[in-house]
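Scroll down for the structure; my scribbles are underneath it.
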Amino acid sequence: MKGVDQIEHAFHNLASPKRGHTFWGLLIVLAVAALLIWAKHNDWLSAPNEVMFANNADGFKNYMTSAWHVQHDSSYVHYGGMNYPFGEHVLFSDNQPVLSAAMQWWSRHVFDIGDKTIGIIHLSLVVSIIFGAGVIYLLLRKLHLPVWYAGLAAIGIAFLSPQHNRFDGQFGLSHIWVLPMLLLFLCRYEERHSRRYQSLLIGILIWFSAQLHFYNLGVSAIFLSFYTLFQILLNFSWRNIWTRLSHLTVMVLLPFAVLNVWLHWSDYCPDRPAAPYGFTEYIGHWEGVFLPYEYFPMHQWINQYITKIRGLDFEAQSYAGLVAFVFTLWLLFKRRLRLFEPEWEAAAYHRVHKNYLRGICFAAFATLFFSLGFPFSIKGLEWMVDYFGPIRQFRGLGRFTWAFYYAINVLIFYILWNKSQRIQIDEEWMAFVKTRSAWMAQYLPNAAKWSLALIPMAVLCWEAYYFQKHKSLNLMPNLAQRSVVADSPNHWLNKVDFTRFQSLMPLPYYHIGSENIWLEVIYPLYQKVQYTALQTGVPDMGVNMSRSAVSRMVKSFQFSLNACEPPALLSEMSDNRPIALMIDPVQWDDIQENYQHLISKATRVYESPELKIMALVPDSIRAWSQQQAERISDDMDRFGTVEVRGGWRSESATAVFTHLSFDSLTTSEHIFQGKGAGEGNLGDTSWIWNKPMPKGAYVFSIWIKADEDLGLTQEILLVENSKIEGREYYFRKGKIRAEIKTIVKGWALLEGPFEVEKDHSNFGIFLHKKNANAPFWYDEVMIKASNFNLYRREPGWVVRNNYWYKLPKNWPNH
């Protein structure tokens, strides 16, 4: 043998299934992956604990929740660093519970690594890439691809993975090895005659990976369900149906049940959001799967010369590679859909793996269609979502495309290799080539064979290289280290005694995660509050987590709003130690306007251009609330001298207003005040007002029940139409939760100004939330001109402009 034949023979020797060859190939793959990572990231890998990747709120939160849990929490399952005084179950804190719990155990029983948490997180991400490449390699070897070919494919697939996009924030979603491991275990499952232990192994994998991030369970569950469906349809017998479904129960339902038992046993909250909004909104898009990232040359060429590519949300971007795109087109347009030639049956392992490969192909495309929102996001079919049960918790469907990425690329390179080894040149074409060149005829079969195998591999590796070259990490100093954040003697960590505080409260207040409200973080303030909490062990009253209980949200949110009644959160606090108000000086004017109940009786502790700290005694809010109610009652006696109608009084005899009490709707399940209340559905158009109005400036207010799932997610829409000209003059659309002024008895007051531009035009006000299906309740609507005040007194209450203030119990005529 000479030349090409000798090289080809050496390559074929590496295709043998011997374990020794596989082992040494695995070591090489792991070493190459490690060297590639070092070549790109050696600037921080030499000191992984000195930097942070994520310069955004989500990523910083994931660092801090892990570090707090290791350093301060006494429980393995409860996180106390935010959402004071409640805390949260670790599963909803994004701190990778299984990893942070392991670090916590090590710190307690071996030696303290609390100050090394950030570095350990970074190293776990690096290990994930290396391990992921190794798992992909083992899967391809199990499918009998040559060592060198399986190794190249594994490196390319691992380094092009869309999960690299999560390395700068959502660390639990960046573990590349999870889905390839699922595919490997599924292959082993099909190889075994007795599959019970293999199904249990898959269940353990899903249970473990769900504690890195719960979406690992959701993606795996959908993929395995489609895979099982295909295998049942392929062999539709009662025995196969029973076997497959019982094993699916062990794979998916058992880990889901165990996680739920763990969750309810350790931190039971009956009112977590059951159906988070956005299941039909945060979906994947075909452009994000099949078209390159926007910085790729091909993307720019298509965008410039062929057609404009629509901009996509970050969640929808998970490029599967050019080879996957071409392969998908080939599947769509080939005459006969046959992936496996009959002659492949000559090898025994093809008989074993054929159904496995067909199954993952079907599951990959079915999961892809599911992630694209088909068919339930099609207009008119949104009702299907109501029957999805727990799957609705996984609303970020763009992440489900990752299963397609791994399965389709494994399938592609398996098919390409086997087709390349069995490729045959048409006899007529060979005869024609021989007439032209005997040399060309001799080498044409080998050229065709290796071109089919190597050109797609080269494309994959180039795309992986280009992706990694342009995927940079924004490094910043490790703010979990006290020496970094408190590097000055005048820093508040060195000047303020935080041991006397029971909690920290950020102002402006932030609250993210309940699905009912979304009070955005101011990132610089968020950083300061979080690292202050970590360094002092004093928890944060702000919230930035997932699926927070609605009842807890209402109490925390109420505490930050105008105290029309003593906040319910006061009864949840264990004592009356002061709260440290962590105030952004840049926002001081807005804070004086919106947080008077908190700062009016607070004392200054520290002040600098970076941060203002004030001490607030909790009981002072109760006193402030009572004094405010007394002050409003006195104002009513002084200024409400004119009785208008319906028990309302005003300083103006010409007061223009409308008050809707809904007292006639006595069958309502929930009532704020009076004898009745209105009820609607979030997805329907609930008209509150639709009548002609005189020109002028007005204020609209309405009370909405806040302690219900999705209770504050509606949008309010105001529209003005000219009765004479028949056209729309004014349209305003806003989110209710952005204009909540106070909460009383679990009901939230929405108030906002508007203006009627044309005299006696028809003005409509309605509530609506697209693609949402849940009841909501509303009560006590007021529409009034903005140039006067209205007063009213009810037993135990005094009312001004639809604000209901709770009077003290000892107040006369209470």
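Chain labels follow the order of the structure tokens: the first chain is A, the next B, and so on; residue numbering restarts at 1 in every chain, and ligands are counted from 1 in their shown order.
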Subject >> Spatial neighbours of A:Arg500, max dist 10 Å, only C-alpha atoms, sep filter under 3 positions, as a list in words >> reply: Val496, Asp497, Ser503, Val538, Arg577, Pro578, Ile579, Ala580 and Ala615 of chain A
Original post:
If we count only C-alpha atoms, what is near A:Val554 at a cut-off of 7 Å, once residues fewer than 3 positions away on the same chain are taken out, given as number ranges by chain?
Top reply: A: 550-551, 557-558, 706-707, 746
Subject >> Selection near A:Arg638, 12 Å with only C-alpha atoms, sequence-local residues under 3 positions removed, as JSON, numbers by chain >> reply: {"A": [631, 632, 633, 634, 635, 641, 642, 649, 650, 651, 791]}
Take the residues from that selection and put them in a file with N, CA, C and O atoms, as a JSON list (two decimals), in the first residue's frame.
```
[["chain", "number", "residue", "atom", "x", "y", "z"],
["A", 631, "ARG", "N", -54.44, 62.61, 59.31],
["A", 631, "ARG", "CA", -54.25, 63.87, 58.58],
["A", 631, "ARG", "C", -55.27, 64.00, 57.44],
["A", 631, "ARG", "O", -55.84, 65.07, 57.22],
["A", 632, "ILE", "N", -55.54, 62.90, 56.73],
["A", 632, "ILE", "CA", -56.53, 62.93, 55.65],
["A", 632, "ILE", "C", -57.92, 63.18, 56.21],
["A", 632, "ILE", "O", -58.72, 63.93, 55.64],
["A", 633, "SER", "N", -58.21, 62.58, 57.38],
["A", 633, "SER", "CA", -59.52, 62.80, 58.00],
["A", 633, "SER", "C", -59.69, 64.27, 58.40],
["A", 633, "SER", "O", -60.76, 64.86, 58.21],
["A", 634, "ASP", "N", -58.61, 64.86, 58.92],
["A", 634, "ASP", "CA", -58.67, 66.30, 59.25],
["A", 634, "ASP", "C", -58.85, 67.14, 57.99],
["A", 634, "ASP", "O", -59.61, 68.13, 58.00],
["A", 635, "ASP", "N", -58.18, 66.78, 56.91],
["A", 635, "ASP", "CA", -58.33, 67.51, 55.66],
["A", 635, "ASP", "C", -59.77, 67.44, 55.16],
["A", 635, "ASP", "O", -60.30, 68.41, 54.60],
["A", 641, "THR", "N", -66.01, 70.63, 52.32],
["A", 641, "THR", "CA", -67.14, 71.41, 52.85],
["A", 641, "THR", "C", -68.39, 71.30, 52.00],
["A", 641, "THR", "O", -69.48, 71.68, 52.45],
["A", 642, "VAL", "N", -68.24, 70.81, 50.75],
["A", 642, "VAL", "CA", -69.38, 70.73, 49.84],
["A", 642, "VAL", "C", -69.75, 69.27, 49.62],
["A", 642, "VAL", "O", -68.91, 68.48, 49.20],
["A", 649, "ARG", "N", -67.60, 64.27, 49.36],
["A", 649, "ARG", "CA", -67.52, 65.70, 49.67],
["A", 649, "ARG", "C", -66.30, 66.28, 48.94],
["A", 649, "ARG", "O", -65.34, 65.57, 48.64],
["A", 650, "SER", "N", -66.36, 67.58, 48.69],
["A", 650, "SER", "CA", -65.29, 68.23, 47.95],
["A", 650, "SER", "C", -65.22, 69.69, 48.32],
["A", 650, "SER", "O", -66.12, 70.23, 48.98],
["A", 651, "GLU", "N", -64.10, 70.34, 47.90],
["A", 651, "GLU", "CA", -64.00, 71.79, 48.07],
["A", 651, "GLU", "C", -64.63, 72.52, 46.91],
["A", 651, "GLU", "O", -64.74, 73.75, 46.92],
["A", 791, "TYR", "N", -63.57, 63.56, 48.97],
["A", 791, "TYR", "CA", -63.40, 62.93, 50.29],
["A", 791, "TYR", "C", -64.66, 62.11, 50.62],
["A", 791, "TYR", "O", -65.76, 62.41, 50.17]]
```
**OP:** Would you return as a PyMOL selection string the members of stretch 398-630 of chain A that DSSP assigns to alpha helix (DSSP H) on this structure's backbone?
**Re:** chain A and resi 401-421+427-436+438-470+482-485+492-495+523-536+550-560+588-594+596-599+619-630
Original post:
Please, which residues of stretch 43-115 of chain A, numbered as in this document, come out strand (DSSP E or B) from DSSP, as a ChimeraX atom specification?
Top reply: /A:51-52,78-79,88-89
Just the selected residues (N, CA, C and O atoms), exported as a PDB file, in the first residue's frame, please.
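Final output, part_0.pdb:
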```
ATOM      1  N   VAL A  51     -11.920  37.297  39.000  1.00  0.00           N
ATOM      2  CA  VAL A  51     -12.751  38.010  38.032  1.00  0.00           C
ATOM      3  C   VAL A  51     -14.189  37.514  38.110  1.00  0.00           C
ATOM      4  O   VAL A  51     -14.482  36.479  38.707  1.00  0.00           O
ATOM      5  N   MET A  52     -15.071  38.286  37.477  1.00  0.00           N
ATOM      6  CA  MET A  52     -16.441  37.869  37.210  1.00  0.00           C
ATOM      7  C   MET A  52     -16.696  38.064  35.721  1.00  0.00           C
ATOM      8  O   MET A  52     -16.157  38.976  35.098  1.00  0.00           O
ATOM      9  N   HIS A  78     -32.591  26.112  51.801  1.00  0.00           N
ATOM     10  CA  HIS A  78     -33.224  27.427  51.908  1.00  0.00           C
ATOM     11  C   HIS A  78     -32.184  28.522  51.726  1.00  0.00           C
ATOM     12  O   HIS A  78     -31.095  28.479  52.310  1.00  0.00           O
ATOM     13  N   TYR A  79     -32.538  29.497  50.884  1.00  0.00           N
ATOM     14  CA  TYR A  79     -31.668  30.634  50.616  1.00  0.00           C
ATOM     15  C   TYR A  79     -32.252  31.864  51.308  1.00  0.00           C
ATOM     16  O   TYR A  79     -33.437  32.177  51.148  1.00  0.00           O
ATOM     17  N   GLU A  88     -36.063  32.115  50.217  1.00  0.00           N
ATOM     18  CA  GLU A  88     -36.589  31.364  49.072  1.00  0.00           C
ATOM     19  C   GLU A  88     -35.949  29.990  49.012  1.00  0.00           C
ATOM     20  O   GLU A  88     -34.866  29.755  49.547  1.00  0.00           O
ATOM     21  N   HIS A  89     -36.655  29.060  48.388  1.00  0.00           N
ATOM     22  CA  HIS A  89     -36.086  27.743  48.145  1.00  0.00           C
ATOM     23  C   HIS A  89     -34.936  27.884  47.147  1.00  0.00           C
ATOM     24  O   HIS A  89     -35.002  28.670  46.201  1.00  0.00           O
TER      25      HIS A  89
END
```
**OP:** Return the single residue from A:Leu660, A:Ala210, A:Leu416, A:Leu397 that is closest to A:Leu454, with distances computed using only C-alpha atoms.
**Re:**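 Checking each of A:Leu660, A:Ala210, A:Leu416, A:Leu397 against A:Leu454, counting only C-alpha atoms, the winner is A:Leu416.
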**OP:** Write out as a ChimeraX atom specification the residues lying within 9 Å of stretch 781-784 of chain A, counting only C-alpha atoms and excluding same-chain residues fewer than 3 positions away.
**Re:** /A:655-662,688,697-703,778,787-790,801-802
Can you write out the residues you just picked, keeping C-alpha atoms, as a JSON list (two decimals), in the first residue's frame?
```json
[["chain", "number", "residue", "atom", "x", "y", "z"],
["A", 655, "ALA", "CA", -66.81, 68.68, 40.80],
["A", 656, "VAL", "CA", -66.91, 66.48, 37.67],
["A", 657, "PHE", "CA", -66.43, 62.83, 38.54],
["A", 658, "THR", "CA", -67.80, 59.32, 38.20],
["A", 659, "HIS", "CA", -67.61, 56.65, 40.87],
["A", 660, "LEU", "CA", -68.42, 53.01, 40.10],
["A", 661, "SER", "CA", -68.85, 50.87, 43.21],
["A", 662, "PHE", "CA", -70.18, 47.67, 41.52],
["A", 688, "ILE", "CA", -64.45, 49.78, 32.46],
["A", 697, "ALA", "CA", -57.64, 66.61, 32.12],
["A", 698, "TYR", "CA", -58.70, 63.61, 34.24],
["A", 699, "VAL", "CA", -57.42, 60.98, 36.63],
["A", 700, "PHE", "CA", -58.50, 57.36, 36.37],
["A", 701, "SER", "CA", -58.18, 54.93, 39.28],
["A", 702, "ILE", "CA", -59.27, 51.35, 39.90],
["A", 703, "TRP", "CA", -58.70, 48.72, 42.60],
["A", 778, "TYR", "CA", -61.77, 44.85, 40.15],
["A", 787, "ASN", "CA", -58.35, 70.03, 39.59],
["A", 788, "PHE", "CA", -60.06, 69.09, 42.87],
["A", 789, "ASN", "CA", -60.13, 66.49, 45.67],
["A", 790, "LEU", "CA", -62.91, 64.15, 46.71],
["A", 801, "ASN", "CA", -59.57, 60.47, 45.54],
["A", 802, "ASN", "CA", -60.15, 56.69, 45.76]]
```
Original post:
Leaving out stretch 306-313 of chain A and any residue of its chain fewer than 2 positions from it, which residues lie within 10 Å of it when counting only C-alpha atoms, given as a list in words?
Top reply: Tyr282, Ile283, Gly284, His285, Glu287, Gly288, Leu291, Glu294, His299, Gln300, Trp301, Ile302, Asn303, Gln304, Glu315, Ala316, Gln317 and Gly398 of chain A
Save the residues we just selected, C-alpha atoms, as a PDB file, in the first residue's frame?
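Writing the result to result-v6.pdb gives the following:
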```pdb
ATOM      1  CA  TYR A 282     -40.966  33.719  24.374  1.00  0.00           C
ATOM      2  CA  ILE A 283     -40.651  31.098  21.657  1.00  0.00           C
ATOM      3  CA  GLY A 284     -37.850  30.183  19.287  1.00  0.00           C
ATOM      4  CA  HIS A 285     -37.694  31.273  15.647  1.00  0.00           C
ATOM      5  CA  GLU A 287     -33.963  32.167  11.787  1.00  0.00           C
ATOM      6  CA  GLY A 288     -32.324  31.758  15.173  1.00  0.00           C
ATOM      7  CA  LEU A 291     -29.256  31.325  10.149  1.00  0.00           C
ATOM      8  CA  GLU A 294     -25.424  38.400  13.204  1.00  0.00           C
ATOM      9  CA  HIS A 299     -25.582  36.496   8.075  1.00  0.00           C
ATOM     10  CA  GLN A 300     -24.333  39.872   6.899  1.00  0.00           C
ATOM     11  CA  TRP A 301     -24.262  38.730   3.266  1.00  0.00           C
ATOM     12  CA  ILE A 302     -27.831  37.397   3.386  1.00  0.00           C
ATOM     13  CA  ASN A 303     -29.001  40.533   5.176  1.00  0.00           C
ATOM     14  CA  GLN A 304     -27.363  42.799   2.583  1.00  0.00           C
ATOM     15  CA  GLU A 315     -33.580  33.650  23.912  1.00  0.00           C
ATOM     16  CA  ALA A 316     -34.352  32.728  20.291  1.00  0.00           C
ATOM     17  CA  GLN A 317     -30.724  32.632  19.084  1.00  0.00           C
ATOM     18  CA  GLY A 398     -36.208  29.184  22.729  1.00  0.00           C
TER      19      GLY A 398
END
```
Subject >> Test item: residues at most 12 Å from A:Ser371, only C-alpha atoms, excluding those fewer than 6 positions along its chain, as a ChimeraX atom specification >> reply: /A:218-219,222-223,279-286,288-289,315-318,363-365,377,391,394-404
Subject >> Long-range neighbours of A:Asn95 as a count of residues only, 7 Å cut-off, only C-alpha atoms, 3 positions minimum in chain >> reply: 5
**OP:** Have a look at A:Gly373, A:Pro694, A:Pro273, A:Pro456 and name the one nearest to A:Phe325; count only C-alpha atoms.
**Re:** A:Pro456
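For the residues A:Tyr137, A:Phe559, A:Trp518, A:Phe86, ranking by smallest atom-to-atom distance to A:Gly151 using only C-alpha atoms places A:Tyr137 first.
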Subject >> Pick from A:Leu234, A:Val147, A:Leu253, A:Ala320, whichever lies nearest to A:Phe467 using only C-alpha atoms >> reply: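 Closest to A:Phe467, using only C-alpha atoms: A:Ala320.
For the choices A:Arg358, A:His247, A:Arg192, A:His264, the atom-to-atom distance to A:Leu411 is smallest for A:Arg358 when using only C-alpha atoms.
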